[in-house]
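Structure file entry_22.tsv (TSV, C-alpha atoms) follows.
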chain	number	residue	atom	x	y	z
A	1	MET	CA	371.10	98.96	202.02
A	2	ASP	CA	369.96	95.60	200.67
A	3	GLU	CA	368.43	96.11	197.21
A	4	LYS	CA	365.91	93.34	197.91
A	5	VAL	CA	364.60	95.36	200.84
A	6	LEU	CA	364.13	98.44	198.69
A	7	ARG	CA	362.38	96.39	196.00
A	8	HIS	CA	360.02	95.00	198.64
A	9	VAL	CA	359.13	98.50	199.84
A	10	VAL	CA	358.47	99.58	196.24
A	11	GLN	CA	356.27	96.53	195.72
A	12	ARG	CA	354.30	97.25	198.87
A	13	SER	CA	353.90	100.88	197.82
A	14	GLU	CA	352.18	99.69	194.66
A	15	GLU	CA	350.08	97.03	196.41
A	16	TRP	CA	348.95	99.35	199.19
A	17	ASP	CA	348.53	102.32	196.81
A	18	ILE	CA	350.71	104.52	199.03
A	19	SER	CA	353.16	107.00	197.54
A	20	LEU	CA	356.78	105.99	197.91
A	21	PRO	CA	358.90	108.70	199.60
A	22	LEU	CA	361.80	109.82	197.45
A	23	ASN	CA	364.14	109.41	200.43
A	24	THR	CA	363.10	105.82	201.25
A	25	GLN	CA	366.65	104.55	201.39
A	26	ASP	CA	367.69	107.45	203.63
A	27	ILE	CA	364.79	106.74	206.01
A	28	LEU	CA	365.87	103.14	206.47
A	29	THR	CA	369.57	103.94	206.68
A	30	ASN	CA	368.87	106.59	209.31
A	31	ILE	CA	366.94	104.06	211.39
A	32	GLU	CA	369.84	101.60	211.23
A	33	ASP	CA	372.36	104.33	212.05
A	34	SER	CA	370.33	105.67	214.98
A	35	PHE	CA	370.43	102.27	216.66
A	36	GLN	CA	374.07	101.77	215.73
A	37	LYS	CA	374.92	104.94	217.69
A	38	LYS	CA	373.30	103.33	220.74
A	39	GLY	CA	375.36	100.20	220.32
A	40	ILE	CA	372.45	98.21	218.89
A	41	HIS	CA	373.42	96.52	215.64
A	42	LEU	CA	370.48	95.89	213.34
A	43	ARG	CA	369.74	95.86	209.65
A	44	PHE	CA	366.81	95.34	207.33
A	45	ALA	CA	367.51	92.27	205.23
A	46	ASN	CA	366.29	88.97	203.87
A	47	GLY	CA	367.50	85.73	205.33
A	48	ARG	CA	367.73	83.61	208.47
A	49	GLY	CA	364.65	81.69	207.46
A	50	LEU	CA	362.37	84.72	207.82
A	51	SER	CA	359.56	85.48	205.37
A	52	SER	CA	360.20	88.80	203.67
A	53	ASP	CA	356.47	89.57	203.43
A	54	LYS	CA	355.82	89.15	207.16
A	55	LEU	CA	356.81	91.22	210.17
A	56	GLY	CA	359.67	89.26	211.65
A	57	ALA	CA	363.08	89.51	213.26
A	58	ASN	CA	365.96	87.32	214.32
A	59	ALA	CA	368.69	87.96	216.87
A	60	GLY	CA	371.29	85.69	215.27
A	61	LEU	CA	373.36	82.96	216.90
A	62	PHE	CA	376.01	85.15	218.51
A	63	ARG	CA	376.05	88.28	220.62
A	64	SER	CA	378.05	89.96	217.86
A	65	SER	CA	375.42	89.10	215.24
A	66	PHE	CA	373.22	91.81	213.76
A	67	ILE	CA	369.55	91.80	214.60
A	68	VAL	CA	367.87	91.18	211.25
A	69	LEU	CA	364.48	92.74	210.55
A	70	THR	CA	362.43	91.62	207.57
A	71	PRO	CA	361.73	93.82	204.55
A	72	GLU	CA	358.12	93.95	205.71
A	73	TRP	CA	359.24	95.97	208.74
A	74	ALA	CA	360.98	98.34	206.35
A	75	ALA	CA	357.75	98.72	204.36
A	76	TYR	CA	355.70	99.46	207.45
A	77	LEU	CA	358.17	102.00	208.81
A	78	VAL	CA	358.34	103.82	205.47
A	79	LEU	CA	354.75	103.55	204.27
A	80	LYS	CA	352.54	102.93	207.30
A	81	ASN	CA	354.51	104.52	210.10
A	82	SER	CA	352.53	105.53	213.20
A	83	ASP	CA	352.93	105.57	216.97
A	84	ILE	CA	351.49	102.04	217.10
A	85	VAL	CA	353.89	100.75	214.42
A	86	GLN	CA	356.84	102.48	216.08
A	87	ASN	CA	355.93	100.97	219.44
A	88	ALA	CA	355.67	97.47	217.98
A	89	PHE	CA	358.97	97.94	216.15
A	90	LEU	CA	360.74	99.01	219.35
A	91	SER	CA	359.22	96.06	221.16
A	92	THR	CA	360.56	93.74	218.46
A	93	VAL	CA	364.06	95.20	218.76
A	94	GLY	CA	363.93	94.92	222.55
A	95	HIS	CA	362.72	91.33	222.30
A	96	GLU	CA	365.67	90.36	220.09
A	97	MET	CA	368.09	92.29	222.31
A	98	THR	CA	366.92	90.20	225.26
A	99	HIS	CA	367.59	87.00	223.32
A	100	LYS	CA	371.11	88.26	222.56
A	101	GLU	CA	371.98	88.63	226.25
A	102	GLY	CA	372.61	84.90	226.46
A	103	LYS	CA	370.06	84.22	229.19
A	104	ASP	CA	368.01	81.85	227.03
A	105	ILE	CA	368.04	78.18	227.92
A	106	ASN	CA	368.85	75.90	224.97
A	107	PRO	CA	365.57	74.05	224.43
A	108	PHE	CA	367.28	71.25	222.49
A	109	ARG	CA	368.95	70.17	225.70
A	110	HIS	CA	365.49	69.56	227.14
A	111	LEU	CA	363.75	67.62	224.38
A	112	LEU	CA	361.14	66.11	226.67
A	113	ASN	CA	360.15	69.59	227.80
A	114	ILE	CA	361.18	71.56	224.73
A	115	ARG	CA	357.93	73.49	224.42
A	116	PHE	CA	358.01	74.70	228.02
A	117	VAL	CA	361.63	75.82	227.80
A	118	ALA	CA	361.25	77.52	224.41
A	119	TRP	CA	358.03	79.28	225.39
A	120	THR	CA	359.63	80.54	228.58
A	121	ASN	CA	362.53	81.99	226.58
A	122	GLU	CA	360.07	83.84	224.31
A	123	VAL	CA	357.93	85.26	227.09
A	124	HIS	CA	361.05	86.33	228.98
A	125	ALA	CA	362.12	88.22	225.85
A	126	ASP	CA	358.69	89.90	225.64
A	127	PHE	CA	359.06	91.22	229.17
A	128	GLY	CA	362.68	92.13	228.46
A	129	ALA	CA	361.50	94.31	225.58
A	130	LYS	CA	359.35	96.28	228.01
A	131	ASN	CA	362.37	97.09	230.15
A	132	LYS	CA	364.79	97.76	227.31
A	133	MET	CA	362.79	99.70	224.73
A	134	LEU	CA	359.33	100.55	226.06
A	135	GLN	CA	360.26	102.62	229.11
A	136	ASN	CA	359.06	99.80	231.35
A	137	SER	CA	355.49	100.50	230.24
A	138	HIS	CA	353.21	97.49	230.55
A	139	ALA	CA	350.55	99.22	228.46
A	140	ARG	CA	353.02	99.68	225.62
A	141	LEU	CA	354.03	96.01	225.78
A	142	ILE	CA	350.40	94.91	225.52
A	143	SER	CA	349.81	97.35	222.65
A	144	ALA	CA	352.82	95.94	220.78
A	145	LEU	CA	351.67	92.35	221.23
A	146	LYS	CA	348.15	93.20	220.11
A	147	PHE	CA	349.50	94.91	216.99
A	148	LYS	CA	351.51	91.81	216.12
A	149	LEU	CA	348.44	89.65	216.63
A	150	SER	CA	346.48	91.93	214.30
A	151	GLN	CA	348.98	91.23	211.52
A	152	LYS	CA	348.56	87.45	211.71
A	153	VAL	CA	346.15	85.62	209.42
A	154	ASN	CA	346.38	82.56	211.65
A	155	ASP	CA	347.53	82.89	215.23
A	156	CYS	CA	349.21	79.52	215.54
A	157	GLU	CA	351.59	78.22	218.15
A	158	ASP	CA	354.22	75.51	217.92
A	159	TRP	CA	356.99	73.99	219.99
A	160	SER	CA	359.09	77.16	219.80
A	161	HIS	CA	356.57	80.01	220.19
A	162	PRO	CA	353.30	80.44	222.07
A	163	SER	CA	350.48	82.13	220.16
A	164	TRP	CA	350.24	85.92	220.24
A	165	GLN	CA	346.93	85.64	222.07
A	166	ARG	CA	348.60	83.58	224.78
A	167	ARG	CA	351.47	86.06	225.01
A	168	ILE	CA	348.97	88.90	225.37
A	169	SER	CA	347.29	86.95	228.16
A	170	TYR	CA	350.60	86.59	229.98
A	171	ALA	CA	351.25	90.32	229.68
A	172	GLU	CA	347.74	91.20	230.83
A	173	ASN	CA	347.82	88.89	233.85
A	174	PHE	CA	351.41	89.25	235.04
A	175	LYS	CA	353.14	92.56	235.63
A	176	ILE	CA	356.60	91.04	235.97
A	177	PHE	CA	358.38	87.94	234.73
A	178	ASN	CA	358.52	85.76	237.83
A	179	GLU	CA	358.04	82.27	239.23
A	180	LYS	CA	354.25	82.46	239.02
A	181	LEU	CA	354.41	83.28	235.33
A	182	ILE	CA	356.92	80.50	234.64
A	183	ARG	CA	354.65	77.99	236.39
A	184	GLN	CA	351.73	79.20	234.28
A	185	ILE	CA	353.79	78.67	231.13
A	186	ALA	CA	354.62	75.16	232.34
A	187	ARG	CA	350.92	74.38	232.77
A	188	ASP	CA	350.08	75.77	229.34
A	189	ALA	CA	352.94	73.86	227.72
A	190	LYS	CA	351.76	70.69	229.50
A	191	CYS	CA	355.03	70.25	231.37
A	192	LYS	CA	354.40	68.38	234.62
A	193	ASN	CA	357.93	67.37	235.52
A	194	LYS	CA	358.82	69.33	238.65
A	195	LYS	CA	362.58	69.04	238.19
A	196	PRO	CA	362.93	70.96	234.88
A	197	ILE	CA	360.30	73.45	236.00
A	198	GLN	CA	362.34	74.27	239.11
A	199	LYS	CA	365.54	74.45	237.07
A	200	VAL	CA	363.98	77.02	234.75
A	201	ILE	CA	362.63	79.01	237.70
A	202	ASP	CA	366.05	79.03	239.37
A	203	HIS	CA	367.73	80.03	236.10
A	204	TYR	CA	365.47	83.01	235.49
A	205	THR	CA	364.82	84.24	239.02
A	206	LYS	CA	368.09	83.78	240.90

Show the structure stored in the file as C-alpha cells.
Amino acid sequence: MDEKVLRHVVQRSEEWDISLPLNTQDILTNIEDSFQKKGIHLRFANGRGLSSDKLGANAGLFRSSFIVLTPEWAAYLVLKNSDIVQNAFLSTVGHEMTHKEGKDINPFRHLLNIRFVAWTNEVHADFGAKNKMLQNSHARLISALKFKLSQKVNDCEDWSHPSWQRRISYAENFKIFNEKLIRQIARDAKCKNKKPIQKVIDHYTK
C-alpha cells in the first residue's frame, strides 16, 4: 500500500473529524485484492496527473495497466463509506474498465472534432459502467453521476470531458448508448461535419 495514500486518509480523518479505523490499510488492501480476484487490476495511488484530494481515476495507456484511483477515493471508502459512495466507486471502476477495452477513438486523430470524439468516448464509458458494475441499472448510473456532481465545486467541461450535469442529462434522457445519443453529443459539442459523425456512429454501433 502506498504510504502517501495512507497519509492522505489520516489527514482526511483529522480534517473531517472522523475516527480512523485501526485496520485502514487492511480495508484498502482487501478492496484491491477483491477486484484482483475478479481479474480487475486496480490500486489506490498518486500519479497520472490526478489530484490526490479529488475523487478521480485513470485507466492507464495499456490494457495491462492498473486502474489508478486517487487517495481521495481511499479516504471516502474508509471514512465516509455508504451505499451511495460504494455505487459511485463501482461506477468509476466500470467506467475505467470500459476505457481499457480499447473501443475508444483517439481524439487526437480528429483535431477538428476533438471535443465531439472525446466526449463520445466518455459517455460511452459511463454507459459501459452501468453494464459492467451496476447490474445494468440505469437508476444506479444516474445516482453515481449525481454523487460525482455533488463533489464538484465547479462543474466545468473542456475538450476532453463534458460536464457532470450534461452527463446526467444524457443518462436521464437515453436508456442505451446508441446513434441518437451520439448525434446529441455531436450537437452539444458543436460538431456539424457529417462525415466524422457517421464514422463515430459506425464505430460504436456496428

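CA of Lys152 in chain A sits 21.3 Å away from CA of Glu14 in chain A.
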
Per residue of range 47-115 of chain A within 10 Å of range 197-204 of chain A, which atom pair is closest and at what distance in Å (one decimal), using only C-alpha atoms, listed by chain and increasing number, as a Markdown table?
| residue | atom | partner | partner_atom | distance |
| --- | --- | --- | --- | --- |
| A:Lys103 | CA | A:Tyr204 | CA | 7.9 |
| A:Asp104 | CA | A:Tyr204 | CA | 8.9 |
| A:Ile105 | CA | A:Val200 | CA | 8.0 |
| A:Asn113 | CA | A:Ile197 | CA | 9.1 |

| message | Just checking: using only C-alpha atoms, which residue out of A:Lys190, A:Arg183, A:Lys38, A:Arg12 ends up closest to Leu77 in chain A? | response |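 Counting only C-alpha atoms, the residue closest to Leu77 in chain A is A:Arg12.
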
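Atom pair CA of Trp16 in chain A / CA of Leu134 in chain A has a distance of 28.8 Å (rounded to one decimal).
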
| request: Could you give me, as a list in words, the residues within 9 Å of Thr120 in chain A, counting all atoms listed in the file and dropping anything in the same chain fewer than 2 positions from it? | output: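 These residues fall inside the cut-off: Asp104, Ile105, Arg115, Phe116, Val117, Ala118, Glu122, Val123, His124, Ala125, His161, Leu181, Ile182, Ile185, Ala186 and Val200 of chain A.
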
| task | Go through A:Glu157, A:Glu72, A:Arg48, A:Ser150 and flag the residue nearest Val10 in chain A, using all atoms listed in the file for the distances. | result |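 That would be A:Glu72, the residue with the smallest distance to Val10 in chain A.
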
| task | Just the residues within 8 Å of Asp2 in chain A, please, counting only C-alpha atoms, with nothing from its chain fewer than 4 positions along; format it as an MDAnalysis selection string. | result | chainID A and resid 6 44:45

| Interatomic distance, CA of Gln135 in chain A to CA of Leu61 in chain A (Å, one decimal) |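 Here the two named atoms are 26.6 Å from each other.
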
Give me range 22-54 of chain A with N, CA and C atoms filled in, as a JSON list (two decimals), keeping the file's coordinate frame.
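So selection_39.json came out as:
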[["chain", "number", "residue", "atom", "x", "y", "z"],
["A", 22, "LEU", "N", 360.59, 109.78, 198.26],
["A", 22, "LEU", "CA", 361.80, 109.82, 197.45],
["A", 22, "LEU", "C", 363.04, 109.45, 198.26],
["A", 23, "ASN", "N", 362.98, 109.68, 199.57],
["A", 23, "ASN", "CA", 364.14, 109.41, 200.43],
["A", 23, "ASN", "C", 363.99, 108.09, 201.19],
["A", 24, "THR", "N", 363.33, 107.10, 200.58],
["A", 24, "THR", "CA", 363.10, 105.82, 201.25],
["A", 24, "THR", "C", 364.38, 105.20, 201.78],
["A", 25, "GLN", "N", 365.40, 105.16, 200.95],
["A", 25, "GLN", "CA", 366.65, 104.55, 201.39],
["A", 25, "GLN", "C", 367.24, 105.32, 202.57],
["A", 26, "ASP", "N", 367.17, 106.64, 202.53],
["A", 26, "ASP", "CA", 367.69, 107.45, 203.63],
["A", 26, "ASP", "C", 366.92, 107.19, 204.93],
["A", 27, "ILE", "N", 365.61, 107.02, 204.82],
["A", 27, "ILE", "CA", 364.79, 106.74, 206.01],
["A", 27, "ILE", "C", 365.28, 105.46, 206.69],
["A", 28, "LEU", "N", 365.47, 104.42, 205.90],
["A", 28, "LEU", "CA", 365.87, 103.14, 206.47],
["A", 28, "LEU", "C", 367.31, 103.17, 206.98],
["A", 29, "THR", "N", 368.18, 103.83, 206.23],
["A", 29, "THR", "CA", 369.57, 103.94, 206.68],
["A", 29, "THR", "C", 369.66, 104.73, 207.96],
["A", 30, "ASN", "N", 368.86, 105.78, 208.09],
["A", 30, "ASN", "CA", 368.87, 106.59, 209.31],
["A", 30, "ASN", "C", 368.38, 105.79, 210.52],
["A", 31, "ILE", "N", 367.41, 104.91, 210.29],
["A", 31, "ILE", "CA", 366.94, 104.06, 211.39],
["A", 31, "ILE", "C", 368.07, 103.14, 211.84],
["A", 32, "GLU", "N", 368.73, 102.49, 210.89],
["A", 32, "GLU", "CA", 369.84, 101.60, 211.23],
["A", 32, "GLU", "C", 370.94, 102.37, 211.96],
["A", 33, "ASP", "N", 371.27, 103.54, 211.46],
["A", 33, "ASP", "CA", 372.36, 104.33, 212.05],
["A", 33, "ASP", "C", 372.01, 104.82, 213.45],
["A", 34, "SER", "N", 370.74, 105.17, 213.66],
["A", 34, "SER", "CA", 370.33, 105.67, 214.98],
["A", 34, "SER", "C", 370.49, 104.60, 216.05],
["A", 35, "PHE", "N", 370.24, 103.36, 215.69],
["A", 35, "PHE", "CA", 370.43, 102.27, 216.66],
["A", 35, "PHE", "C", 371.91, 101.94, 216.81],
["A", 36, "GLN", "N", 372.64, 102.03, 215.69],
["A", 36, "GLN", "CA", 374.07, 101.77, 215.73],
["A", 36, "GLN", "C", 374.76, 102.70, 216.73],
["A", 37, "LYS", "N", 374.33, 103.96, 216.77],
["A", 37, "LYS", "CA", 374.92, 104.94, 217.69],
["A", 37, "LYS", "C", 374.66, 104.57, 219.15],
["A", 38, "LYS", "N", 373.62, 103.78, 219.37],
["A", 38, "LYS", "CA", 373.30, 103.33, 220.74],
["A", 38, "LYS", "C", 373.92, 101.97, 221.05],
["A", 39, "GLY", "N", 374.72, 101.48, 220.12],
["A", 39, "GLY", "CA", 375.36, 100.20, 220.32],
["A", 39, "GLY", "C", 374.47, 99.01, 220.00],
["A", 40, "ILE", "N", 373.39, 99.27, 219.27],
["A", 40, "ILE", "CA", 372.45, 98.21, 218.89],
["A", 40, "ILE", "C", 372.62, 97.97, 217.39],
["A", 41, "HIS", "N", 373.10, 96.81, 217.03],
["A", 41, "HIS", "CA", 373.42, 96.52, 215.64],
["A", 41, "HIS", "C", 372.25, 95.80, 214.97],
["A", 42, "LEU", "N", 371.60, 96.50, 214.06],
["A", 42, "LEU", "CA", 370.48, 95.89, 213.34],
["A", 42, "LEU", "C", 370.51, 96.31, 211.89],
["A", 43, "ARG", "N", 369.84, 95.52, 211.07],
["A", 43, "ARG", "CA", 369.74, 95.86, 209.65],
["A", 43, "ARG", "C", 368.48, 95.22, 209.08],
["A", 44, "PHE", "N", 367.94, 95.90, 208.08],
["A", 44, "PHE", "CA", 366.81, 95.34, 207.33],
["A", 44, "PHE", "C", 367.38, 94.45, 206.24],
["A", 45, "ALA", "N", 366.94, 93.20, 206.20],
["A", 45, "ALA", "CA", 367.51, 92.27, 205.23],
["A", 45, "ALA", "C", 366.64, 91.03, 205.11],
["A", 46, "ASN", "N", 366.86, 90.29, 204.03],
["A", 46, "ASN", "CA", 366.29, 88.97, 203.87],
["A", 46, "ASN", "C", 367.19, 87.96, 204.58],
["A", 47, "GLY", "N", 366.64, 86.80, 204.82],
["A", 47, "GLY", "CA", 367.50, 85.73, 205.33],
["A", 47, "GLY", "C", 367.09, 85.21, 206.68],
["A", 48, "ARG", "N", 367.91, 84.29, 207.18],
["A", 48, "ARG", "CA", 367.73, 83.61, 208.47],
["A", 48, "ARG", "C", 366.38, 82.90, 208.58],
["A", 49, "GLY", "N", 365.89, 82.45, 207.44],
["A", 49, "GLY", "CA", 364.65, 81.69, 207.46],
["A", 49, "GLY", "C", 363.39, 82.51, 207.67],
["A", 50, "LEU", "N", 363.53, 83.84, 207.61],
["A", 50, "LEU", "CA", 362.37, 84.72, 207.82],
["A", 50, "LEU", "C", 361.65, 84.98, 206.50],
["A", 51, "SER", "N", 360.35, 85.14, 206.56],
["A", 51, "SER", "CA", 359.56, 85.48, 205.37],
["A", 51, "SER", "C", 359.62, 86.98, 205.14],
["A", 52, "SER", "N", 360.02, 87.38, 203.95],
["A", 52, "SER", "CA", 360.20, 88.80, 203.67],
["A", 52, "SER", "C", 358.89, 89.57, 203.70],
["A", 53, "ASP", "N", 357.76, 88.88, 203.48],
["A", 53, "ASP", "CA", 356.47, 89.57, 203.43],
["A", 53, "ASP", "C", 355.72, 89.52, 204.75],
["A", 54, "LYS", "N", 356.42, 89.16, 205.83],
["A", 54, "LYS", "CA", 355.82, 89.15, 207.16],
["A", 54, "LYS", "C", 356.69, 89.95, 208.12]]
